[in-house]
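Okay, structure first, notes after.
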Amino acid sequence: QEEWYAGFANSAGKEEEGDLRITALEVTRDVASVKVVEDYATSRYTDYLSLLYFDGEWRIVNKVYAAERR
């Protein structure tokens with residue numbers, strides 16, 4: 001779990017200045033489900049990610065999200 005988070009946190013949420021938090025993480029062998037909340041000055045995004053571990057790294061295979069304007 002920590003390996004996945006380290007790789008994700010270094011590359012995600014860099015589009016604009018804001019706060020990115022992983023609020024839920026479930027891992028079963030080579031499959032993971034992650035909920036990420038991104039807070040920005042004028043919006044909040046809640047992402048639901050499905051990941052698979054293959055070729056030595058975690059890869060996002062599906063993403064759905066909800067957006068809220070502030």
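Simple scheme: letters A, B, ... for chains in structure tokens order, numbers from 1 for residues in each chain, numbers from 1 for ligands in the order shown.
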Would you mind listing what lies within 7 Å of Leu51 (chain A) as a list in words, with only C-alpha atoms counted and same-chain residues fewer than 6 positions away left out? Val31, Ala32, Ser33, Trp58, Arg59, Ile60 and Val61 of chain A
Please return, as number ranges by chain, all residues of region 17-69 of chain A that DSSP assigns to strand (DSSP E) on the basis of the backbone. A: 19-28, 31-39, 43-54, 57-69
Neighbour list for Ala66 (chain A) as a PyMOL selection string, cut-off 7 Å, only C-alpha atoms, skip fewer than 4 positions in-chain: chain A and resi 45-47
For Tyr65 (chain A), work out the shell of residues within 10 Å, counting only C-alpha atoms and skipping chain neighbours fewer than 2 positions away, then give it as a list in words. Lys35, Val36, Val37, Tyr45, Thr46, Asp47, Tyr48, Leu49, Lys63 and Ala67 of chain A
Quick one: write out the picked residues with C-alpha atoms as an mmCIF file, in the first residue's frame?
data_model
loop_
_atom_site.group_PDB
_atom_site.id
_atom_site.type_symbol
_atom_site.label_atom_id
_atom_site.label_comp_id
_atom_site.auth_asym_id
_atom_site.auth_seq_id
_atom_site.Cartn_x
_atom_site.Cartn_y
_atom_site.Cartn_z
ATOM 1 C CA LYS A 35 -10.741 7.277 -3.251
ATOM 2 C CA VAL A 36 -8.913 10.585 -3.705
ATOM 3 C CA VAL A 37 -10.242 14.016 -2.715
ATOM 4 C CA TYR A 45 -12.990 16.661 -7.061
ATOM 5 C CA THR A 46 -13.658 13.219 -5.650
ATOM 6 C CA ASP A 47 -11.943 10.540 -7.737
ATOM 7 C CA TYR A 48 -12.603 6.805 -7.565
ATOM 8 C CA LEU A 49 -9.714 4.868 -9.090
ATOM 9 C CA LYS A 63 -11.426 6.451 -13.105
ATOM 10 C CA ALA A 67 -16.881 17.629 -9.338
#
Interatomic distance, CA of Leu52 (chain A) to CA of Glu26 (chain A) (Å, one decimal): 11.9 Å
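Interatomic distance, CA of Glu38 (chain A) to CA of Arg70 (chain A): 12.7 Å.
Near Ala41 (chain A), within 10 Å and counting only C-alpha atoms, sit Glu16, Glu17, Gly18, Asp19, Arg69 and Arg70 of chain A; same-chain residues fewer than 6 positions away were not included.
Interatomic distance, CA of Glu68 (chain A) to CA of Arg44 (chain A): 5.2 Å.
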